[in-house]
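These notes concern the structure reproduced below.
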Amino acid sequence: MLYGIAAATAALLLTAVLAAALRAPALRAGILDRRRQRPLPLLGGLAVVVVTCLVAGVGQWTRVALLGEGVGELLAAAAAIAALGLVADVWRLRARVLAAGTAVAAAWVVPYDDTGVPGGMLAVGWIVLTTLAFRGLDHADGLAGTVGVITAFGVGACAAAEVMDGLAVLLSVVAAALTGFLMHNWHPARIGLGACGSLFTGFVLSSAVVFTRAGYALGPSAAVVFCLGAVAVADALLVVFARTTARRPLLRRGPDHLAHRLRRLGLAPQGAVVLLGAASFSSVLVGVLVHAGWTGKGAALWVAGAVVVTVVVLVLLRVPVQQPPRTASTQVSGHLRVRSG
């Protein structure tokens, strides 16, 4: 317990310092995104990844907080995905490359002894979907970090209920690191998470959910994992349906995401993030309650219904979507490296 508190505190402070230090190098190197027509450095995710791996590695090396069976491999695979994301932040990479890399990493970490091969394949598909959907959340200042912190605490509670102490500590470190990053990412953001950090966070969280639910029945497990990733899934579904109904290519950049449309409905940038954070908290709470057995899996139907209604309403309202500029956000879909000067 004491190490967990110390590790979380260290992760928060180190990430805040490192994210601030990486801002200037990102500006000089031209590793930038455009966020509402202003340049945004993209190395904040690197700070989250480095600090998380460092703090977790120290605990493992000193044997003060062992990660546990399979968790070390999970963190190593997440670091590899983060490296692929960093390449995507610096150079353009196709979405299929990111999906393929995530699928390989997910296939490596899934505990097939507990899930079985069919369940393991479903778990791989869910990890890939959630990881890429979480990357899509990095379209607004503070959104990916806020949802990431809330989800990390929820999954950590599930891990603690399963007496997976190492995994619970890792998730608390991830939550703390994201909190330190949010000190620089709240609107107006001074540094962004980028594909490096968003893919890393999405992969760790979705894989951790699979670990905590391994060995349980498929129906309740599906309810839990859906609730814990509901906001990211809703955002991805909204993009798919909006672009399909508008007959626009799915991979073409455009402000079709949740926060974009909420802002066009009149919410301030901070208000949109707070609203989506509250939605994330509600769905994650349902997931934790279902996992702990304090409510039935039927409660997840309310979350699913809310997701469907939100997506359908925002699509049917046909909230005006402006055509994106050529330097649109890399997190919408695809990447465009913006050089300063």
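Convention: chains lettered A, B, ... in structure tokens order; per-chain residue numbering from 1; ligands numbered from 1 as shown.
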
With 12 Å as the cut-off and only C-alpha atoms counted, what is the closest atom pair between each nearby residue of segment 185-300 of chain A and segment 110-113 of chain A? Distances in Å to one decimal, ordered by chain and number, as a Markdown table.
```
| residue | atom | partner | partner_atom | distance |
| --- | --- | --- | --- | --- |
| A:Phe203 | CA | A:Val110 | CA | 11.7 |
| A:Val204 | CA | A:Val110 | CA | 11.9 |
| A:Ser206 | CA | A:Val110 | CA | 10.7 |
| A:Ser207 | CA | A:Val110 | CA | 7.4 |
| A:Ala208 | CA | A:Val110 | CA | 9.7 |
| A:Val209 | CA | A:Val110 | CA | 10.6 |
| A:Val210 | CA | A:Val110 | CA | 7.4 |
| A:Phe211 | CA | A:Pro111 | CA | 7.1 |
| A:Thr212 | CA | A:Pro111 | CA | 10.4 |
| A:Arg213 | CA | A:Pro111 | CA | 10.4 |
| A:Ala214 | CA | A:Pro111 | CA | 7.2 |
| A:Gly215 | CA | A:Asp113 | CA | 8.6 |
```

Considering only C-alpha atoms, return as a count of residues only whatever protein or nucleic-acid residues lie within 7 Å of segment 187-190 of chain A, sequence-local ones (same chain, fewer than 5 positions apart) excluded.
4

Shell around segment 48-53 of chain A at 9 Å using only C-alpha atoms, local window under 6 positions removed, as a VMD selection string:
chain A and resid 10 to 12 14 to 16 18 to 19 75 to 76 78 to 79 82 170 173 to 174 176 to 178 180 to 181 193 196 to 197 200 to 201

Resulting file, chosen residues, N, CA, C and O atoms, as a short mmCIF file (atom, residue, chain, number, x, y, z; two decimals), in the first residue's frame:
```cif
data_model
loop_
_atom_site.label_atom_id
_atom_site.label_comp_id
_atom_site.auth_asym_id
_atom_site.auth_seq_id
_atom_site.Cartn_x
_atom_site.Cartn_y
_atom_site.Cartn_z
N ALA A 10 5.27 9.63 -7.23
CA ALA A 10 6.45 9.82 -8.07
C ALA A 10 6.08 9.89 -9.54
O ALA A 10 6.63 10.73 -10.29
N ALA A 11 5.15 9.04 -9.97
CA ALA A 11 4.75 9.04 -11.38
C ALA A 11 4.10 10.36 -11.75
O ALA A 11 4.35 10.91 -12.84
N LEU A 12 3.25 10.88 -10.87
CA LEU A 12 2.57 12.15 -11.16
C LEU A 12 3.59 13.28 -11.32
O LEU A 12 3.55 14.03 -12.31
N LEU A 14 6.95 13.16 -11.76
CA LEU A 14 7.93 12.95 -12.84
C LEU A 14 7.31 13.21 -14.21
O LEU A 14 7.95 13.80 -15.09
N THR A 15 6.07 12.77 -14.41
CA THR A 15 5.42 13.00 -15.70
C THR A 15 5.19 14.48 -15.94
O THR A 15 5.38 14.98 -17.06
N ALA A 16 4.75 15.18 -14.91
CA ALA A 16 4.53 16.62 -15.05
C ALA A 16 5.82 17.34 -15.44
O ALA A 16 5.83 18.21 -16.32
N LEU A 18 8.64 15.92 -16.81
CA LEU A 18 9.16 15.46 -18.10
C LEU A 18 8.33 15.99 -19.26
O LEU A 18 8.88 16.35 -20.31
N ALA A 19 7.00 16.04 -19.11
CA ALA A 19 6.15 16.58 -20.17
C ALA A 19 6.50 18.04 -20.46
O ALA A 19 6.55 18.46 -21.62
N LEU A 75 3.29 -5.00 -20.06
CA LEU A 75 3.94 -3.68 -20.08
C LEU A 75 4.95 -3.60 -21.22
O LEU A 75 5.07 -2.56 -21.88
N ALA A 76 5.68 -4.70 -21.46
CA ALA A 76 6.66 -4.69 -22.57
C ALA A 76 5.95 -4.55 -23.91
O ALA A 76 6.40 -3.80 -24.79
N ALA A 78 3.03 -3.14 -24.40
CA ALA A 78 2.51 -1.78 -24.45
C ALA A 78 3.60 -0.79 -24.83
O ALA A 78 3.36 0.17 -25.58
N ALA A 79 4.83 -1.01 -24.31
CA ALA A 79 5.95 -0.14 -24.67
C ALA A 79 6.27 -0.26 -26.15
O ALA A 79 6.61 0.74 -26.81
N ALA A 82 3.76 1.69 -27.96
CA ALA A 82 4.08 3.10 -27.79
C ALA A 82 5.18 3.53 -28.77
O ALA A 82 5.13 4.64 -29.32
N LEU A 170 0.31 -1.16 -11.15
CA LEU A 170 0.63 -0.64 -12.48
C LEU A 170 -0.45 0.33 -12.95
O LEU A 170 -0.15 1.40 -13.49
N VAL A 173 -0.21 3.61 -11.25
CA VAL A 173 0.90 4.39 -11.81
C VAL A 173 0.47 5.04 -13.13
O VAL A 173 0.78 6.21 -13.39
N VAL A 174 -0.24 4.29 -13.97
CA VAL A 174 -0.74 4.84 -15.23
C VAL A 174 -1.68 6.01 -14.95
O VAL A 174 -1.59 7.07 -15.60
N ALA A 176 -1.76 7.94 -12.33
CA ALA A 176 -1.00 9.07 -11.80
C ALA A 176 -0.20 9.76 -12.90
O ALA A 176 -0.12 11.00 -12.95
N ALA A 177 0.39 8.98 -13.80
CA ALA A 177 1.16 9.56 -14.89
C ALA A 177 0.26 10.39 -15.80
O ALA A 177 0.62 11.49 -16.24
N LEU A 178 -0.93 9.89 -16.08
CA LEU A 178 -1.87 10.65 -16.91
C LEU A 178 -2.32 11.92 -16.20
O LEU A 178 -2.55 12.96 -16.84
N GLY A 180 -0.46 13.68 -14.11
CA GLY A 180 0.64 14.62 -14.30
C GLY A 180 0.66 15.21 -15.69
O GLY A 180 0.93 16.41 -15.87
N PHE A 181 0.34 14.39 -16.69
CA PHE A 181 0.26 14.89 -18.06
C PHE A 181 -0.87 15.90 -18.23
O PHE A 181 -0.74 16.90 -18.94
N LEU A 193 -0.98 14.22 -26.16
CA LEU A 193 -0.66 12.83 -25.86
C LEU A 193 -0.08 12.13 -27.07
O LEU A 193 0.87 11.34 -26.95
N CYS A 196 1.66 7.92 -29.55
CA CYS A 196 2.52 7.21 -28.61
C CYS A 196 1.80 6.98 -27.29
O CYS A 196 1.68 5.85 -26.82
N GLY A 197 1.32 8.03 -26.68
CA GLY A 197 0.68 7.90 -25.38
C GLY A 197 -0.72 7.32 -25.44
O GLY A 197 -1.11 6.54 -24.56
N PHE A 200 -0.52 3.53 -26.10
CA PHE A 200 0.01 2.89 -24.90
C PHE A 200 -1.09 2.78 -23.83
O PHE A 200 -1.31 1.71 -23.26
N THR A 201 -1.77 3.88 -23.57
CA THR A 201 -2.80 3.89 -22.54
C THR A 201 -3.95 2.95 -22.89
O THR A 201 -4.40 2.15 -22.06
#
```

Which one of A:Val309, A:Ala195, A:Val55, A:Ala144 sits closest to Ala95 of chain A if you count only C-alpha atoms?
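Nearest to Ala95 of chain A: A:Ala195.
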
Between A:Ala223, A:Val147, A:Val311, A:Ala65, single out the one closest to Ser280 of chain A, counting only C-alpha atoms.
A:Val147

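For the residues A:Ala77, A:Ala8, A:Ala29, A:Leu122, ranking by smallest atom-to-atom distance to Ala105 of chain A using only C-alpha atoms places A:Ala77 first.
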